[in-house]
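Everything on this sheet refers to the single structure shown next.
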Amino acid sequence: MIRFDPGPYLLPRYKLTTCYRNTPTSGDYDTALSSSARQHLKTYGLTPPSVQDFATQSKRCLDILHAKPTAIDKFMYLTYLRASNVHLFYRLLAENIKELTPLIYTPTVGEACLRWHEIYTVPEGMYLSYSDKGNLRQIIENWPHEVEITVLTDGSRILGLGDLGINGMGIPVGKLALYVSCAGISPEGTLPLTVDLGTSNKALREDPLYMGSRRDKVTAEEEKEFLDELMAALKEKWPAIVIQFEDWKNPFPALERYQNVYTCFNDDIQGTGAVILGGFINAVKMTGIAPKDQRAVFFGAGSAGVGVAKQMVQFFMAEGLSEDEARKRFWLVDSKVGICYNTTCPRLTHHIGSHHE
């Protein structure tokens, strides 16, 4: 256990001023601010004198964006814009959501995560390492805002890219940016959170630019102990916080352990499951074929596939089928073993029950 010294962890509150912010910035240097507002904020003279409306600001931003040659260059510019003027960033995103979403989230965020250690420029979100165990409650005091929702990842299963360690921070940052622009959550109410529990990615561990701990992944028991402390710390600090798990290699233990204790959900299992099930229900209505006569095949037996399957079971049961009859209405195809039966996929048996032979 590392002995806790408050000095390196806790910053005096008087230092959390306009000259020190880790995320998100307030837009104090926005060129749309009036002269009187700039005087009040003590930024008068620190920006060009002209007061510009959003249309002018937007044109400049989009011109700069369109001049960038690649998607990752555009991602990096938007990252800088969010760090330098959070209000302008989110208004631009909200009014150009169709064009900008693929640049701040999928597919571009995949490349950003692969190269996070290469393109890192500004601090976004919070990183908590396994070596911080025992001190997590004190460390999260450094976050200067009241948090409504956090997206939490360990980077162990980022999209279809595998274990990227702390490089996975791009996922919480991007997902919460969409929540702000589409759901109206205040930027200051969001906390992108990445836990550094080591990585099984040997190439990353040996890369001199990698910014995470250079150790292999912690054990399941070590992860459980760390998360127990973290969940309690988050709840104590922000009692009403919503905790969203995202892109964990094995998300089921944490979800099952915490779902009746904390306000939490797993987006890969439950979020994806709800959306796909909604589409399936409407598709069933359009076919005119009774639910009991429907069959479904899942291509992929990862957390998302299993999550959808679990919700599919509940849907069939709501339509009058028994649990065993519901399970017999679908199959899962795994990338390694082909069609999953209860004898070849014990992991699936544990989570959603046995399938017919």
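In the structure tokens, each chain is lettered A, B, ... as it comes, each chain's residues begin at 1, and ligands are numbered from 1 in order of appearance.
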
Let's see if you can do this: from backbone DSSP, list all strand (DSSP E) residues in segment 87-261 of chain A, as an MDAnalysis selection string. chainID A and resid 126:129 149:153 190:196 242:245

Extract, using only C-alpha atoms, all DNA, RNA and protein residues at most 7 Å from Met312 of chain A, discarding same-chain residues fewer than 4 positions from it, and format them as JSON, numbers by chain. {"A": [277, 308, 316]}

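Residues surrounding Lys202 of chain A within 12 Å are Gly162, Asp163, Leu164, Gly165, Gly198, Thr199, Arg205, Glu206, Asp207, Pro208, Tyr210, Ser213, Arg214, Arg215, Asp216 and Lys217 of chain A [only C-alpha atoms; sequence separation below 3 positions excluded].
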
Please write the residues from the selection above to a file, keeping N, CA and C atoms, as a tab-separated table (two decimals), in the first residue's frame.
chain	number	residue	atom	x	y	z
A	162	GLY	N	-9.70	-3.90	-28.74
A	162	GLY	CA	-9.00	-4.62	-27.70
A	162	GLY	C	-8.65	-3.74	-26.51
A	163	ASP	N	-7.68	-4.19	-25.74
A	163	ASP	CA	-7.25	-3.53	-24.51
A	163	ASP	C	-6.32	-2.37	-24.86
A	164	LEU	N	-6.78	-1.14	-24.61
A	164	LEU	CA	-5.98	0.05	-24.90
A	164	LEU	C	-5.58	0.80	-23.63
A	165	GLY	N	-5.82	0.19	-22.48
A	165	GLY	CA	-5.42	0.84	-21.23
A	165	GLY	C	-6.03	2.23	-21.09
A	198	GLY	N	-3.88	-1.32	-15.19
A	198	GLY	CA	-2.92	-2.06	-15.99
A	198	GLY	C	-3.50	-2.39	-17.35
A	199	THR	N	-2.69	-2.98	-18.20
A	199	THR	CA	-3.15	-3.36	-19.53
A	199	THR	C	-2.46	-4.63	-19.98
A	205	ARG	N	2.50	-1.13	-23.18
A	205	ARG	CA	3.30	-1.07	-21.95
A	205	ARG	C	4.76	-0.73	-22.25
A	206	GLU	N	5.22	-1.14	-23.43
A	206	GLU	CA	6.62	-0.91	-23.78
A	206	GLU	C	6.82	0.35	-24.61
A	207	ASP	N	5.72	1.03	-24.96
A	207	ASP	CA	5.84	2.26	-25.73
A	207	ASP	C	6.25	3.41	-24.80
A	208	PRO	N	7.35	4.10	-25.11
A	208	PRO	CA	7.81	5.18	-24.21
A	208	PRO	C	6.82	6.32	-24.08
A	210	TYR	N	3.50	5.92	-23.88
A	210	TYR	CA	2.30	5.49	-23.16
A	210	TYR	C	2.29	6.12	-21.77
A	213	SER	N	0.12	3.07	-16.32
A	213	SER	CA	1.07	2.26	-15.56
A	213	SER	C	1.57	1.11	-16.43
A	214	ARG	N	2.82	0.78	-16.25
A	214	ARG	CA	3.45	-0.26	-17.09
A	214	ARG	C	3.42	-1.59	-16.36
A	215	ARG	N	2.20	-2.08	-16.17
A	215	ARG	CA	2.00	-3.36	-15.51
A	215	ARG	C	0.90	-4.11	-16.23
A	216	ASP	N	0.89	-5.41	-16.04
A	216	ASP	CA	-0.16	-6.22	-16.63
A	216	ASP	C	-1.47	-5.96	-15.89
A	217	LYS	N	-2.55	-6.45	-16.46
A	217	LYS	CA	-3.87	-6.23	-15.88
A	217	LYS	C	-3.96	-6.81	-14.47

Could you tell me, as number ranges by chain, which residues of segment 146-238 of chain A DSSP assigns to alpha helix (DSSP H) when given the backbone? A: 170-183, 202-205, 220-237

Selection above as a file: N, CA and C atoms, as a compact mmCIF listing (two decimals), in the first residue's frame:
# COMPACT_ATOMS: atom_id res chain seq x y z
N GLY A 170 -10.68 8.41 -24.56
CA GLY A 170 -11.44 9.03 -25.63
C GLY A 170 -12.91 8.64 -25.64
N ILE A 171 -13.23 7.45 -25.12
CA ILE A 171 -14.61 6.99 -25.10
C ILE A 171 -15.46 7.77 -24.08
N PRO A 172 -15.06 7.86 -22.82
CA PRO A 172 -15.85 8.68 -21.88
C PRO A 172 -15.95 10.15 -22.31
N VAL A 173 -14.87 10.72 -22.82
CA VAL A 173 -14.90 12.11 -23.26
C VAL A 173 -15.90 12.30 -24.39
N GLY A 174 -15.83 11.42 -25.40
CA GLY A 174 -16.72 11.54 -26.55
C GLY A 174 -18.16 11.25 -26.21
N LYS A 175 -18.40 10.23 -25.41
CA LYS A 175 -19.78 9.87 -25.05
C LYS A 175 -20.45 11.00 -24.27
N LEU A 176 -19.73 11.59 -23.33
CA LEU A 176 -20.31 12.67 -22.54
C LEU A 176 -20.50 13.94 -23.36
N ALA A 177 -19.65 14.16 -24.36
CA ALA A 177 -19.87 15.30 -25.25
C ALA A 177 -21.20 15.16 -25.98
N LEU A 178 -21.54 13.95 -26.35
CA LEU A 178 -22.84 13.72 -27.01
C LEU A 178 -23.98 13.92 -26.02
N TYR A 179 -23.81 13.52 -24.78
CA TYR A 179 -24.85 13.73 -23.77
C TYR A 179 -25.12 15.22 -23.56
N VAL A 180 -24.05 16.01 -23.58
CA VAL A 180 -24.21 17.45 -23.41
C VAL A 180 -24.97 18.05 -24.59
N SER A 181 -24.53 17.71 -25.80
CA SER A 181 -25.10 18.35 -26.99
C SER A 181 -26.50 17.83 -27.32
N CYS A 182 -26.77 16.56 -27.01
CA CYS A 182 -28.06 15.97 -27.38
C CYS A 182 -29.06 15.93 -26.23
N ALA A 183 -28.58 15.84 -25.01
CA ALA A 183 -29.49 15.70 -23.88
C ALA A 183 -29.54 16.94 -23.00
N LYS A 202 0.90 -5.53 -24.47
CA LYS A 202 2.34 -5.48 -24.25
C LYS A 202 2.99 -4.35 -25.04
N ALA A 203 2.52 -4.13 -26.26
CA ALA A 203 3.10 -3.07 -27.10
C ALA A 203 2.92 -1.70 -26.46
N LEU A 204 1.76 -1.48 -25.87
CA LEU A 204 1.53 -0.20 -25.19
C LEU A 204 2.41 -0.06 -23.95
N ARG A 205 2.50 -1.13 -23.18
CA ARG A 205 3.30 -1.07 -21.95
C ARG A 205 4.76 -0.73 -22.25
N ALA A 220 -8.97 -10.28 -11.13
CA ALA A 220 -10.40 -10.00 -10.94
C ALA A 220 -10.68 -9.57 -9.50
N GLU A 221 -10.03 -10.20 -8.54
CA GLU A 221 -10.25 -9.84 -7.14
C GLU A 221 -9.72 -8.44 -6.84
N GLU A 222 -8.56 -8.10 -7.40
CA GLU A 222 -8.00 -6.76 -7.21
C GLU A 222 -8.90 -5.70 -7.83
N GLU A 223 -9.45 -6.02 -9.01
CA GLU A 223 -10.37 -5.09 -9.67
C GLU A 223 -11.62 -4.87 -8.82
N LYS A 224 -12.15 -5.95 -8.26
CA LYS A 224 -13.36 -5.85 -7.43
C LYS A 224 -13.11 -4.95 -6.22
N GLU A 225 -11.98 -5.15 -5.55
CA GLU A 225 -11.66 -4.34 -4.37
C GLU A 225 -11.50 -2.87 -4.74
N PHE A 226 -10.85 -2.61 -5.88
CA PHE A 226 -10.66 -1.23 -6.33
C PHE A 226 -12.01 -0.58 -6.64
N LEU A 227 -12.87 -1.30 -7.36
CA LEU A 227 -14.16 -0.74 -7.73
C LEU A 227 -15.07 -0.55 -6.52
N ASP A 228 -14.99 -1.44 -5.55
CA ASP A 228 -15.77 -1.25 -4.32
C ASP A 228 -15.44 0.09 -3.69
N GLU A 229 -14.14 0.39 -3.62
CA GLU A 229 -13.72 1.66 -3.03
C GLU A 229 -14.14 2.84 -3.90
N LEU A 230 -13.98 2.70 -5.21
CA LEU A 230 -14.31 3.80 -6.12
C LEU A 230 -15.80 4.11 -6.11
N MET A 231 -16.63 3.10 -6.19
CA MET A 231 -18.08 3.32 -6.23
C MET A 231 -18.54 4.02 -4.94
N ALA A 232 -18.02 3.58 -3.81
CA ALA A 232 -18.39 4.21 -2.55
C ALA A 232 -17.93 5.66 -2.50
N ALA A 233 -16.73 5.91 -3.04
CA ALA A 233 -16.19 7.27 -3.04
C ALA A 233 -17.01 8.20 -3.92
N LEU A 234 -17.39 7.74 -5.09
CA LEU A 234 -18.20 8.55 -6.00
C LEU A 234 -19.56 8.88 -5.39
N LYS A 235 -20.16 7.89 -4.77
CA LYS A 235 -21.48 8.08 -4.15
C LYS A 235 -21.39 9.05 -2.97
N GLU A 236 -20.32 8.93 -2.19
CA GLU A 236 -20.17 9.82 -1.04
C GLU A 236 -19.94 11.26 -1.49
N LYS A 237 -19.16 11.44 -2.54
CA LYS A 237 -18.86 12.78 -3.04
C LYS A 237 -20.06 13.40 -3.73

Distance atom CA of Gly273 of chain A-atom CA of Gly307 of chain A, one decimal place? 5.5 Å

Tell me, as a PyMOL selection string, which residues lie within 12 Å of Ser156 of chain A, counting only C-alpha atoms; anything in the same chain fewer than 4 positions away does not count. chain A and resi 113+152+160-169+171+194-201+216-218+245-251

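The space separating atom CA of Arg329 of chain A from atom CA of Gln294 of chain A comes to 6.7 Å.
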
Considering only C-alpha atoms, can you say which of A:Arg327, A:Arg38, A:Arg82, A:Lys74 comes closest to Val109 of chain A? A:Lys74

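Distances from A:Met286, A:Val275, A:Val86, A:Ile281 to Glu319 of chain A were compared using only C-alpha atoms, and the smallest one belongs to A:Ile281.
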
So how many Å separate atom CA of Gly189 of chain A and atom CA of Tyr80 of chain A, to one decimal?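 Here the two named atoms are 19.7 Å from each other.
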